[in-house]
Every structure is written in C-alpha cells, then in structure tokens.
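Peer 1: Handing you a structure now.
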Amino acid sequence: MQFEVFSLLPEAFTSYIEASILKRAQERGLIKINIHNIRDYTYDKHHVTDDTPYGGGGGMVMKPEPVFEAIEKVLGFKHQVEVNDEAISHPTKPTVDSSIPIILLTPQGRVFNQSIAKELSQHPRLALICGRYEGIDERIRQHLVTDEISIGDYVLTGGEIPALVLIDAISRLLPNVLGDPTGAEDDSHAMGLLEYPHYTRPPEFRGSKVPDVLLSGDHAKIDKWRHEQALERTFRKRPDMLETANLSAEDKKFLEKLKEKNNS
C-alpha cells in the first residue's frame, strides 16, 4: 500500500510515521508513505499557496494551481477536455487511473469508520489532500477530488491529523502489518462491537484480580467470556452499534438478559 500525502506542513507527519507499527511496516516494505509539500509545486518566488476569497470574508483560501500541479506530477496524469477535437489542458476532465482515490480531508466528507477503512485498504495507492486556512478553492473539490472524508463533527486547524488517522487505521488492516495476525480482527469496531477488556500481569493489583476464566487455560471458555464482554460493553456504551452488528441467536438471548437485568 502506498500513501501519497499532500500537505503544507509535511513536518507534522515525521514523528508519528517514524515510530512503532508504521515505522516497522515501512521498513519491511509493507507500506510506503510519501509526504509531498504543496509549496514545492508553486512557481512564484514566495511560494504562495493561498489568497483572499472572492466575494470578501475572513480567512484565506488554498489556491487551486499548486494542488492540481502536485497531484498531476506525483500521480502522473493531466486533466484535459476535448475542444474542437483537440485536447487542451483544463481542470474538468481527469484522465487518471480510477483505482487511485484522491481524498480530501474535510469536515464536509463522509464520516470515517472501520467499514471505510476496509474499503480503502483494498486500493494499492491512495492520495490524501490536507486542507488548511479557511478552506480550499472549490475547483479542487469539483474537478480533482474523487472522495471526501471527515473524522468527526468538529473543526481542526488542518487535514494533517485526519490524514494520519486514515494512514494508521488503514495500515492496521493490511496483511502482516500487525505482529498478531488476528489483532485487527479483535479491535473495537472491527467485528461491529466494542472490544472486550484486557488484562496482564500481575494477577492481582491493589486488591483487584484478573477474572479467573482468563487464568483457566480453557480457550473455549475464554473466547465465550470475551465475546460476552464485548456484547455487554457495546450494550452499555454504544447501544447504537448493536443495530447493525451481525448478531447470532445466542447473542440476542444474551442481550435480552442484559436488558432484563438492567430494567429490574
């Protein structure tokens, strides 16, 4: 998997992508993260990437030229439209490999979740555009971007943190990135439920003991306990998730008992 990230603050990524799981995944050739400075694709001596908005108003707007130039050069395509049977440069008809999603990180996008992470993990290459300032020139959204993603209903200073969220969540789903081959499957949201509780040594800490079942060595009982704990946690913390979770008849009976206990 190859990530092409377009940002005005490339230094914001360094410490995170050069640590822990993402670092090891890159060293092993499982993922590649290329950070592109949009300023490098300007042609004026001051490397201007923003300007005042037409129509007035506060803040600055990201200019379209550097963003188009960066995407076109890195992904290797040009935007063209046919005029009088001749192809001329024009930002309305992209001739781009449709297998490369060009994603704008924006509060206006579809809200990111585990399902979208799985969807995007199927692509060999992703382009992520990090917005800044008051916003981006609308022509970037209309004629360049193929997808828009938000990480939640709040406002951030830029798209760098959302881009890191996508890189992290998607990378975890790729084969061999995690040390535990079943690690991603057990994560919260991966199976439509919140994750079960975890314990490690010591078996007793300040009077609080690890549940006996986890020390039993009976893996069937442990799996059952963990699944029921995941159901109960989801029931108590995120009941909305149960509406779309893939529940067995036994799961539904367990939840009914929880409801009865909760109402008694």
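Within each chain, counting starts at residue 1; across the structure tokens, chains are named A, B, ... in the order shown, with ligands numbered 1 upward in that order.
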Just the residues within 8 Å of stretch 53-67 of chain A, please, counting only C-alpha atoms, with nothing from its chain fewer than 3 positions along; format it as a list in words.

Peer 2: Phe6, Ile38, Arg39, Tyr41, Thr42, Thr49, Asp50, Ala70, Ile71, Gly131, Arg132, Tyr133, Glu134, Gly135, Ile136, Asp137, Arg139 and Ile140 of chain A

Peer 1: What are the nearest atom pairs, with distances in Å to one decimal, for all residues of stretch 135-197 of chain A that come at most 10 Å from stretch 100-119 of chain A, using only C-alpha atoms, set out by chain and rising residue number as CSV?

Peer 2:
residue,atom,partner,partner_atom,distance
A:Gly135,CA,A:Thr106,CA,8.9
A:Ile136,CA,A:Thr106,CA,9.7
A:Ile140,CA,A:Leu104,CA,9.0
A:Arg141,CA,A:Leu104,CA,7.7
A:Leu144,CA,A:Ile102,CA,7.4
A:Val145,CA,A:Ile102,CA,5.1
A:Thr146,CA,A:Ile102,CA,5.1
A:Asp147,CA,A:Ile103,CA,4.7
A:Glu148,CA,A:Gly109,CA,4.3
A:Ile149,CA,A:Gly109,CA,4.0
A:Ser150,CA,A:Val111,CA,4.8
A:Ile151,CA,A:Phe112,CA,5.2
A:Gly152,CA,A:Val111,CA,6.0
A:Asp153,CA,A:Pro107,CA,6.6
A:Tyr154,CA,A:Pro107,CA,7.2
A:Val155,CA,A:Pro107,CA,6.9
A:Leu156,CA,A:Pro107,CA,8.7
A:Gly158,CA,A:Leu105,CA,8.5
A:Gly159,CA,A:Leu105,CA,5.4
A:Glu160,CA,A:Leu105,CA,8.3
A:Ile161,CA,A:Leu105,CA,9.3
A:Pro162,CA,A:Leu105,CA,6.5
A:Ala163,CA,A:Leu105,CA,6.9
A:Val165,CA,A:Phe112,CA,9.3
A:Leu166,CA,A:Ala117,CA,7.2
A:Ile167,CA,A:Ala117,CA,9.1
A:Asp168,CA,A:Ala117,CA,9.6
A:Ala169,CA,A:Ala117,CA,6.3
A:Ile170,CA,A:Ala117,CA,5.2
A:Ser171,CA,A:Ala117,CA,8.9
A:Arg172,CA,A:Ala117,CA,9.4
A:Leu173,CA,A:Lys118,CA,7.0
A:Leu174,CA,A:Lys118,CA,9.1
A:Asp187,CA,A:Gln114,CA,9.9
A:Ser188,CA,A:Gln114,CA,9.2
A:His189,CA,A:Gln114,CA,6.3
A:Ala190,CA,A:Gln114,CA,6.4
A:Met191,CA,A:Gln114,CA,9.3
A:Gly192,CA,A:Gln114,CA,8.8

Peer 1: Write a file of the selected residues as an mmCIF file, in the first residue's frame, keeping N, CA and C atoms.

Peer 2:
data_model
loop_
_atom_site.group_PDB
_atom_site.id
_atom_site.type_symbol
_atom_site.label_atom_id
_atom_site.label_comp_id
_atom_site.auth_asym_id
_atom_site.auth_seq_id
_atom_site.Cartn_x
_atom_site.Cartn_y
_atom_site.Cartn_z
ATOM 1 N N GLY A 135 -10.287 27.362 3.886
ATOM 2 C CA GLY A 135 -10.834 26.312 3.039
ATOM 3 C C GLY A 135 -10.023 26.192 1.767
ATOM 4 N N ILE A 136 -10.527 25.408 0.817
ATOM 5 C CA ILE A 136 -9.838 25.220 -0.459
ATOM 6 C C ILE A 136 -10.681 25.820 -1.581
ATOM 7 N N ILE A 140 -10.928 22.558 -6.736
ATOM 8 C CA ILE A 140 -10.197 21.359 -6.306
ATOM 9 C C ILE A 140 -11.197 20.261 -5.966
ATOM 10 N N ARG A 141 -12.242 20.649 -5.243
ATOM 11 C CA ARG A 141 -13.273 19.693 -4.855
ATOM 12 C C ARG A 141 -14.060 19.187 -6.073
ATOM 13 N N LEU A 144 -10.968 17.639 -9.110
ATOM 14 C CA LEU A 144 -9.771 16.860 -8.815
ATOM 15 C C LEU A 144 -10.054 15.737 -7.827
ATOM 16 N N VAL A 145 -10.762 16.066 -6.777
ATOM 17 C CA VAL A 145 -11.020 15.114 -5.690
ATOM 18 C C VAL A 145 -12.036 14.057 -6.127
ATOM 19 N N THR A 146 -11.805 12.809 -5.722
ATOM 20 C CA THR A 146 -12.761 11.739 -6.012
ATOM 21 C C THR A 146 -13.525 11.290 -4.770
ATOM 22 N N ASP A 147 -13.066 11.695 -3.587
ATOM 23 C CA ASP A 147 -13.727 11.304 -2.342
ATOM 24 C C ASP A 147 -13.426 12.352 -1.281
ATOM 25 N N GLU A 148 -14.338 12.526 -0.340
ATOM 26 C CA GLU A 148 -14.151 13.457 0.766
ATOM 27 C C GLU A 148 -14.428 12.715 2.066
ATOM 28 N N ILE A 149 -13.515 12.857 3.027
ATOM 29 C CA ILE A 149 -13.656 12.132 4.284
ATOM 30 C C ILE A 149 -13.436 13.069 5.468
ATOM 31 N N SER A 150 -14.288 12.892 6.474
ATOM 32 C CA SER A 150 -14.194 13.621 7.741
ATOM 33 C C SER A 150 -13.924 12.605 8.839
ATOM 34 N N ILE A 151 -13.208 13.014 9.889
ATOM 35 C CA ILE A 151 -13.018 12.093 11.014
ATOM 36 C C ILE A 151 -13.941 12.434 12.178
ATOM 37 N N GLY A 152 -14.874 13.365 11.970
ATOM 38 C CA GLY A 152 -15.824 13.672 13.034
ATOM 39 C C GLY A 152 -16.402 15.059 12.885
ATOM 40 N N ASP A 153 -17.449 15.312 13.630
ATOM 41 C CA ASP A 153 -18.160 16.584 13.523
ATOM 42 C C ASP A 153 -17.553 17.637 14.438
ATOM 43 N N TYR A 154 -16.355 18.051 14.093
ATOM 44 C CA TYR A 154 -15.670 19.128 14.794
ATOM 45 C C TYR A 154 -14.667 19.727 13.823
ATOM 46 N N VAL A 155 -14.087 20.859 14.185
ATOM 47 C CA VAL A 155 -13.201 21.569 13.273
ATOM 48 C C VAL A 155 -11.760 21.491 13.771
ATOM 49 N N LEU A 156 -10.843 21.129 12.879
ATOM 50 C CA LEU A 156 -9.420 21.111 13.175
ATOM 51 C C LEU A 156 -8.720 22.198 12.362
ATOM 52 N N GLY A 158 -6.206 21.824 10.364
ATOM 53 C CA GLY A 158 -5.865 21.356 9.030
ATOM 54 C C GLY A 158 -6.139 19.881 8.875
ATOM 55 N N GLY A 159 -5.818 19.357 7.707
ATOM 56 C CA GLY A 159 -6.121 17.961 7.409
ATOM 57 C C GLY A 159 -5.027 16.976 7.770
ATOM 58 N N GLU A 160 -3.952 17.457 8.415
ATOM 59 C CA GLU A 160 -2.827 16.569 8.722
ATOM 60 C C GLU A 160 -3.204 15.480 9.731
ATOM 61 N N ILE A 161 -3.874 15.849 10.815
ATOM 62 C CA ILE A 161 -4.276 14.851 11.807
ATOM 63 C C ILE A 161 -5.259 13.850 11.202
ATOM 64 N N PRO A 162 -6.293 14.283 10.479
ATOM 65 C CA PRO A 162 -7.161 13.306 9.811
ATOM 66 C C PRO A 162 -6.401 12.380 8.864
ATOM 67 N N ALA A 163 -5.416 12.908 8.141
ATOM 68 C CA ALA A 163 -4.637 12.066 7.233
ATOM 69 C C ALA A 163 -3.895 10.978 8.011
ATOM 70 N N VAL A 165 -4.825 9.729 10.843
ATOM 71 C CA VAL A 165 -5.845 8.777 11.301
ATOM 72 C C VAL A 165 -6.124 7.751 10.205
ATOM 73 N N LEU A 166 -6.302 8.200 8.984
ATOM 74 C CA LEU A 166 -6.563 7.278 7.876
ATOM 75 C C LEU A 166 -5.382 6.337 7.651
ATOM 76 N N ILE A 167 -4.172 6.883 7.628
ATOM 77 C CA ILE A 167 -2.988 6.056 7.387
ATOM 78 C C ILE A 167 -2.870 4.967 8.442
ATOM 79 N N ASP A 168 -3.062 5.342 9.708
ATOM 80 C CA ASP A 168 -2.945 4.385 10.805
ATOM 81 C C ASP A 168 -4.026 3.305 10.710
ATOM 82 N N ALA A 169 -5.279 3.733 10.585
ATOM 83 C CA ALA A 169 -6.401 2.778 10.572
ATOM 84 C C ALA A 169 -6.338 1.837 9.376
ATOM 85 N N ILE A 170 -5.964 2.362 8.218
ATOM 86 C CA ILE A 170 -5.902 1.528 7.009
ATOM 87 C C ILE A 170 -4.718 0.568 7.072
ATOM 88 N N SER A 171 -3.568 1.063 7.533
ATOM 89 C CA SER A 171 -2.365 0.237 7.588
ATOM 90 C C SER A 171 -2.554 -0.985 8.477
ATOM 91 N N ARG A 172 -3.287 -0.818 9.575
ATOM 92 C CA ARG A 172 -3.510 -1.932 10.507
ATOM 93 C C ARG A 172 -4.247 -3.101 9.849
ATOM 94 N N LEU A 173 -4.989 -2.809 8.801
ATOM 95 C CA LEU A 173 -5.780 -3.840 8.136
ATOM 96 C C LEU A 173 -4.997 -4.606 7.083
ATOM 97 N N LEU A 174 -3.794 -4.149 6.762
ATOM 98 C CA LEU A 174 -3.012 -4.781 5.709
ATOM 99 C C LEU A 174 -2.300 -6.027 6.232
ATOM 100 N N ASP A 187 -10.031 -5.837 17.230
ATOM 101 C CA ASP A 187 -10.151 -4.442 17.633
ATOM 102 C C ASP A 187 -11.599 -4.016 17.781
ATOM 103 N N SER A 188 -11.815 -2.975 18.615
ATOM 104 C CA SER A 188 -13.140 -2.366 18.679
ATOM 105 C C SER A 188 -13.568 -1.943 17.278
ATOM 106 N N HIS A 189 -14.841 -2.148 16.961
ATOM 107 C CA HIS A 189 -15.465 -1.786 15.680
ATOM 108 C C HIS A 189 -15.164 -2.788 14.573
ATOM 109 N N ALA A 190 -14.045 -3.542 14.674
ATOM 110 C CA ALA A 190 -13.704 -4.459 13.592
ATOM 111 C C ALA A 190 -14.774 -5.514 13.399
ATOM 112 N N MET A 191 -15.365 -6.006 14.510
ATOM 113 C CA MET A 191 -16.404 -7.022 14.391
ATOM 114 C C MET A 191 -17.785 -6.434 14.659
ATOM 115 N N GLY A 192 -17.869 -5.112 14.620
ATOM 116 C CA GLY A 192 -19.155 -4.457 14.841
ATOM 117 C C GLY A 192 -19.488 -4.248 16.297
#

Peer 1: Need to verify the contact set: stretch 230-236 of chain A, 8 Å, only C-alpha atoms, exclusion of same-chain residues closer than 3 positions in sequence. Can you return it as a list in words?

Peer 2: Leu193, Leu194, Glu195, Tyr196, Pro197, Arg226, His227, Pro239, Met241, Leu242, Asp251, Leu255 and Leu258 of chain A

Peer 1: As a ChimeraX atom specification, please: every residue in stretch 12-258 of chain A that a backbone DSSP assignment puts in alpha helix (DSSP H).

Peer 2: /A:14-17,20-27,64-75,114-120,138-143,160-171,183-186,219-237,249-258

Peer 1: To one decimal place in Å, what is the distance between atom CA of A:Leu126 and atom CA of A:Glu4?

Peer 2: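 Pair atom CA of A:Leu126 / atom CA of A:Glu4 returns 6.0 Å.
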
Peer 1: Report, in Å with one decimal, the straight-line distance from atom CA of A:Phe68 to atom CA of A:Val48.

Peer 2: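 Value for the atom CA of A:Phe68-atom CA of A:Val48 distance: 14.2 Å.
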